[in-house]
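For reference, my_file23.cif is printed below; it contains mmCIF, C-alpha atoms.
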```
data_final
loop_
_atom_site.label_atom_id
_atom_site.label_comp_id
_atom_site.auth_asym_id
_atom_site.auth_seq_id
_atom_site.Cartn_x
_atom_site.Cartn_y
_atom_site.Cartn_z
CA MET A 15 -5.42 15.25 -5.59
CA LEU A 16 -7.73 12.70 -7.15
CA ASN A 17 -9.24 14.28 -10.25
CA PHE A 18 -10.02 13.22 -13.79
CA GLU A 19 -6.44 13.72 -14.98
CA SER A 20 -5.00 11.48 -12.26
CA LEU A 21 -7.73 8.83 -12.23
CA SER A 22 -6.16 6.19 -14.49
CA GLU A 23 -2.89 6.12 -12.54
CA ASN A 24 -4.85 5.71 -9.30
CA MET A 25 -6.74 2.58 -10.37
CA VAL A 26 -5.02 -0.36 -8.65
CA ALA A 27 -5.19 -3.83 -10.25
CA LEU A 28 -5.94 -6.59 -7.75
CA PRO A 29 -5.57 -10.36 -8.18
CA SER A 30 -8.18 -13.05 -8.01
CA GLY A 31 -8.96 -14.69 -4.69
CA SER A 32 -11.73 -15.86 -2.41
CA LEU A 33 -13.38 -14.43 0.67
CA LEU A 34 -15.68 -15.68 3.42
CA LEU A 35 -18.57 -13.24 4.00
CA ARG A 36 -20.84 -13.32 7.03
CA ASP A 37 -24.26 -11.90 7.82
CA ASP A 38 -24.55 -11.63 11.61
CA ARG A 39 -28.27 -10.80 11.41
CA LEU A 40 -29.04 -14.10 9.72
CA GLY A 41 -26.15 -16.04 11.24
CA THR A 42 -25.04 -17.22 7.81
CA SER A 43 -21.73 -17.24 5.97
CA TRP A 44 -20.70 -17.99 2.41
CA THR A 45 -17.57 -18.04 0.26
CA VAL A 46 -17.23 -15.77 -2.77
CA ASP A 47 -14.71 -16.30 -5.57
CA ILE A 48 -13.28 -13.01 -6.78
CA LYS A 49 -11.99 -12.42 -10.29
CA PRO A 50 -9.22 -9.88 -11.03
CA PHE A 51 -10.49 -6.30 -10.89
CA SER A 52 -9.21 -2.79 -10.37
CA ILE A 53 -10.28 -0.35 -7.68
CA CYS A 54 -9.45 3.27 -7.03
CA ARG A 55 -6.73 4.08 -4.54
CA TYR A 56 -9.04 6.65 -2.90
CA PRO A 57 -12.73 7.29 -2.41
CA VAL A 58 -14.19 9.56 -5.11
CA THR A 59 -13.29 13.12 -4.19
CA ARG A 60 -15.37 16.25 -4.36
CA SER A 61 -13.06 17.47 -7.15
CA LEU A 62 -13.52 14.37 -9.32
CA PHE A 63 -17.27 14.27 -8.72
CA ALA A 64 -17.63 17.90 -9.77
CA GLU A 65 -15.50 17.40 -12.90
CA VAL A 66 -17.62 14.46 -14.04
CA THR A 67 -21.10 15.65 -13.05
CA GLY A 68 -20.89 19.41 -12.61
CA ALA A 69 -22.43 19.03 -9.14
CA SER A 70 -20.95 19.23 -5.65
CA PRO A 71 -23.35 17.76 -3.10
CA SER A 72 -20.87 17.46 -0.23
CA SER A 73 -21.52 19.12 3.09
CA LYS A 74 -18.43 21.04 4.25
CA ALA A 75 -15.35 19.94 2.39
CA THR A 76 -12.46 21.02 0.22
CA GLU A 77 -11.83 19.61 -3.24
CA ASN A 78 -9.65 16.73 -2.01
CA HIS A 79 -12.12 15.54 0.62
CA PRO A 80 -14.19 12.48 -0.26
CA VAL A 81 -17.50 13.45 -1.79
CA ASP A 82 -20.31 12.75 0.65
CA THR A 83 -24.11 12.95 0.90
CA ILE A 84 -24.29 10.68 -2.15
CA SER A 85 -27.07 8.17 -2.75
CA TRP A 86 -26.45 4.80 -4.36
CA LEU A 87 -28.34 5.96 -7.46
CA GLU A 88 -26.19 9.08 -7.73
CA ALA A 89 -23.06 6.96 -7.43
CA ALA A 90 -24.28 4.65 -10.21
CA HIS A 91 -25.07 7.65 -12.45
CA PHE A 92 -21.57 8.96 -11.79
CA CYS A 93 -20.09 5.62 -12.89
CA ASN A 94 -21.99 5.76 -16.19
CA ARG A 95 -20.92 9.35 -16.85
CA LEU A 96 -17.32 8.44 -16.13
CA SER A 97 -17.55 5.46 -18.46
CA ALA A 98 -18.80 7.75 -21.23
CA LEU A 99 -15.82 10.06 -20.73
CA PHE A 100 -13.48 7.07 -21.13
CA ASN A 101 -15.47 5.71 -24.10
CA VAL A 102 -16.30 2.42 -22.39
CA PRO A 103 -19.78 0.87 -22.05
CA ASP A 104 -22.14 1.93 -19.29
CA HIS A 105 -22.28 -0.53 -16.43
CA TYR A 106 -25.78 0.42 -15.25
CA VAL A 107 -29.15 0.48 -17.01
CA PHE A 108 -31.70 2.68 -15.24
CA SER A 109 -35.44 2.19 -15.07
CA ALA A 110 -37.70 4.72 -16.79
CA ASP A 111 -38.37 6.52 -13.50
CA GLY A 112 -34.68 6.49 -12.53
CA GLN A 113 -35.38 4.79 -9.20
CA GLU A 114 -33.78 1.44 -10.01
CA ALA A 115 -30.67 0.33 -11.85
CA THR A 116 -29.50 -3.03 -13.16
CA ALA A 117 -25.85 -3.92 -13.66
CA VAL A 118 -24.70 -5.14 -17.08
CA ALA A 119 -22.57 -8.17 -16.22
CA THR A 120 -20.59 -8.06 -19.46
CA SER A 121 -19.65 -4.37 -19.20
CA ASP A 122 -16.12 -3.35 -18.25
CA GLY A 123 -17.25 0.20 -17.49
CA PHE A 124 -16.77 1.96 -14.18
CA ARG A 125 -18.92 0.61 -11.36
CA LEU A 126 -19.21 0.21 -7.64
CA PRO A 127 -17.32 -2.74 -6.16
CA SER A 128 -19.25 -5.73 -4.94
CA GLU A 129 -19.12 -6.05 -1.18
CA ALA A 130 -16.88 -9.11 -1.54
CA GLU A 131 -14.50 -7.12 -3.73
CA TRP A 132 -14.63 -4.24 -1.26
CA GLU A 133 -13.73 -6.42 1.73
CA PHE A 134 -11.09 -8.30 -0.26
CA ALA A 135 -9.52 -4.95 -1.24
CA CYS A 136 -9.79 -3.61 2.32
CA ARG A 137 -8.12 -6.62 3.91
CA ALA A 138 -5.28 -6.70 1.34
CA GLY A 139 -4.35 -10.24 2.35
CA THR A 140 -4.71 -9.74 6.11
CA LYS A 141 -6.96 -11.79 8.39
CA GLU A 142 -7.53 -9.12 11.04
CA PRO A 143 -10.60 -6.82 11.09
CA ARG A 144 -8.29 -3.84 10.43
CA TYR A 145 -5.14 -3.58 8.32
CA GLY A 146 -3.33 -1.52 10.98
CA PRO A 147 -3.76 0.52 14.18
CA ILE A 148 -6.89 2.60 13.74
CA ASP A 149 -5.29 5.98 14.39
CA ASP A 150 -2.71 5.25 11.68
CA ILE A 151 -5.21 4.23 9.00
CA ALA A 152 -8.59 5.86 9.62
CA TRP A 153 -10.44 9.10 10.32
CA TYR A 154 -13.16 8.25 12.83
CA LYS A 155 -15.09 9.95 15.64
CA GLU A 156 -12.16 10.24 18.04
CA ASN A 157 -9.78 11.95 15.57
CA SER A 158 -11.79 13.38 12.66
CA GLY A 159 -12.73 16.68 14.25
CA GLY A 160 -16.36 16.25 13.26
CA GLY A 161 -16.16 15.89 9.49
CA THR A 162 -14.42 14.35 6.49
CA ARG A 163 -10.69 14.77 5.95
CA PRO A 164 -8.64 14.93 2.73
CA VAL A 165 -8.17 11.53 1.13
CA GLY A 166 -4.80 9.80 1.29
CA THR A 167 -3.62 11.43 4.52
CA LYS A 168 -3.69 8.20 6.52
CA ARG A 169 -1.50 5.14 5.98
CA PRO A 170 -2.67 2.87 3.12
CA ASN A 171 -3.09 -0.87 3.32
CA ALA A 172 -0.61 -3.33 1.81
CA TRP A 173 -2.12 -2.84 -1.66
CA GLY A 174 -1.76 0.94 -1.54
CA LEU A 175 -5.44 1.69 -0.92
CA HIS A 176 -6.24 4.63 1.36
CA ASP A 177 -9.27 5.34 3.56
CA MET A 178 -10.79 1.89 3.22
CA LEU A 179 -11.81 2.32 6.86
CA GLY A 180 -13.14 5.59 8.23
CA ASN A 181 -13.62 8.99 6.56
CA VAL A 182 -16.77 7.97 4.64
CA TRP A 183 -18.78 4.77 4.37
CA GLU A 184 -18.68 3.43 0.81
CA TRP A 185 -21.59 2.15 -1.27
CA CYS A 186 -21.21 -1.32 -2.77
CA GLN A 187 -22.97 -2.82 -5.76
CA ASP A 188 -24.96 -5.46 -3.90
CA ILE A 189 -28.59 -5.56 -2.88
CA TYR A 190 -28.69 -6.57 0.81
CA ASP A 191 -31.67 -8.92 1.23
CA PRO A 192 -34.40 -8.38 -1.38
CA ALA A 193 -36.89 -10.68 0.34
CA VAL A 194 -36.84 -8.52 3.48
CA TYR A 195 -35.42 -5.12 2.48
CA GLY A 196 -36.36 -4.81 -1.18
CA THR A 197 -33.87 -2.69 -3.11
CA TYR A 198 -31.71 -1.72 -0.10
CA ARG A 199 -28.01 -1.58 -1.00
CA ILE A 200 -24.95 -2.30 1.13
CA PHE A 201 -22.30 0.14 2.31
CA ARG A 202 -19.04 -0.65 4.07
CA GLY A 203 -16.05 0.72 5.96
CA GLY A 204 -17.19 3.11 8.68
CA GLY A 205 -17.02 6.90 8.60
CA TRP A 206 -15.78 9.99 10.39
CA ALA A 207 -18.75 9.96 12.81
CA ASP A 208 -18.28 6.35 13.93
CA HIS A 209 -16.57 5.11 17.05
CA GLU A 210 -13.67 2.68 16.71
CA ARG A 211 -15.95 -0.36 16.74
CA GLY A 212 -17.72 0.97 13.63
CA CYS A 213 -14.57 0.90 11.48
CA LEU A 214 -13.99 -2.77 10.71
CA ALA A 215 -13.49 -4.67 7.46
CA THR A 216 -16.43 -6.91 8.40
CA ASN A 217 -19.06 -4.27 9.24
CA ARG A 218 -22.09 -4.20 6.93
CA ARG A 219 -24.82 -1.58 6.74
CA ARG A 220 -27.65 -1.08 4.29
CA SER A 221 -30.17 1.52 3.20
CA HIS A 222 -32.50 2.54 0.40
CA PRO A 223 -30.66 3.51 -2.83
CA THR A 224 -31.96 7.10 -2.46
CA PHE A 225 -30.45 7.45 1.05
CA ALA A 226 -27.71 10.08 1.43
CA ILE A 227 -25.93 11.41 4.52
CA ASP A 228 -22.77 13.37 5.31
CA ASP A 229 -20.58 10.35 6.14
CA LEU A 230 -21.46 8.26 3.08
CA GLY A 231 -19.59 8.29 -0.24
CA PHE A 232 -18.22 5.70 -2.65
CA ARG A 233 -15.20 4.29 -4.48
CA ILE A 234 -15.08 3.09 -8.09
CA ALA A 235 -13.99 -0.21 -9.56
CA ARG A 236 -13.72 -1.91 -12.96
CA THR A 237 -13.69 -5.52 -14.09
CA CYS A 238 -10.37 -6.49 -15.65
CA SER A 239 -10.84 -7.43 -19.31
#
```
Let me see the file written as structure tokens.
Amino acid sequence: MLNFESLSENMVALPSGSLLLRDDRLGTSWTVDIKPFSICRYPVTRSLFAEVTGASPSSKATENHPVDTISWLEAAHFCNRLSALFNVPDHYVFSADGQEATAVATSDGFRLPSEAEWEFACRAGTKEPRYGPIDDIAWYKENSGGGTRPVGTKRPNAWGLHDMLGNVWEWCQDIYDPAVYGTYRIFRGGGWADHERGCLATNRRRSHPTFAIDDLGFRIARTCS
């Protein structure tokens, strides 16, 4: 079970690298250099979320299911609360009305991964859109039974990361396209309600940072000091 006691041992250190990202809507691509960082082996679970925040917003789930129905803002608040418990600096500074948050670039506190970090972690050195046969690695529409499943019950990728595809979509740090979509944030990975074509390392979706739905959660990361 992923909970507060087991969290440190489930943060996986990843190396530096580079990744080509693509936006099919705009028909553009760009290369991102990635510095060493650590990312959690699993999506944040209902158990861990409740320990840190005292709340349990998930729909129908047991403690070891990924927490769902989480907005980007709620995920960022969680990261700051977790940082406080570990006595490390907050990564996010919130506006007075709580509707916006700015990342502190120099903080090594808990945070959401950038979308480049997320895809880099998902691929784990592979070039294919999935790191294995979908039924071996992901809970999706054809096998989920209509809801989330306990984390870590499907095969991990080569870096030991579970549920990078399927189960729940995962919020990333990045704003999608501020000129067109304002403060919309990106989420990745596909979820339990998606067909096979929705669960790819390259798929990108976006929504308002207050958006929350029952196949959307998050995973935490930290910058390596």
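Atom to atom, atom CA of Phe63 of chain A and atom CA of Phe201 of chain A stand 18.6 Å apart.
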May I have a table of the residues of segment 142-185 of chain A lying at most 10 Å from segment 26-48 of chain A, giving each one's closest pair of atoms and their distance in Å to one decimal, counting all atoms listed in the file, ordered by chain and ascending residue number, as CSV?
```
residue,atom,partner,partner_atom,distance
A:Trp173,CA,A:Val26,CA,8.0
A:Gly174,CA,A:Val26,CA,7.9
A:Leu175,CA,A:Val26,CA,8.0
```
* Tell me which residues the PyMOL selection byres ((chain A and resi 49-57) around 9) grabs here, as a PyMOL selection string. => chain A and resi 16+21-22+24-32+47-48+58-59+79-81+126-127+131-132+135+165-166+170+173-178+182+184+231-239
Residues at most 6 Å from Ser128 of chain A, counting all atoms listed in the file, excluding those fewer than 2 positions away in the same chain, as a tab-separated table (two decimals) with C-alpha atoms, in the frame of the given file?
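selection.tsv, freshly written:
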```tsv
chain	number	residue	atom	x	y	z
A	130	ALA	CA	-16.88	-9.11	-1.54
A	131	GLU	CA	-14.50	-7.12	-3.73
A	186	CYS	CA	-21.21	-1.32	-2.77
A	187	GLN	CA	-22.97	-2.82	-5.76
A	188	ASP	CA	-24.96	-5.46	-3.90
```
* In file coordinates, which residues lie within 12 Å of (-29.5, -7.2, -19.1) using all atoms listed in the file, given as number ranges by chain? -> A: 104-109, 115-121
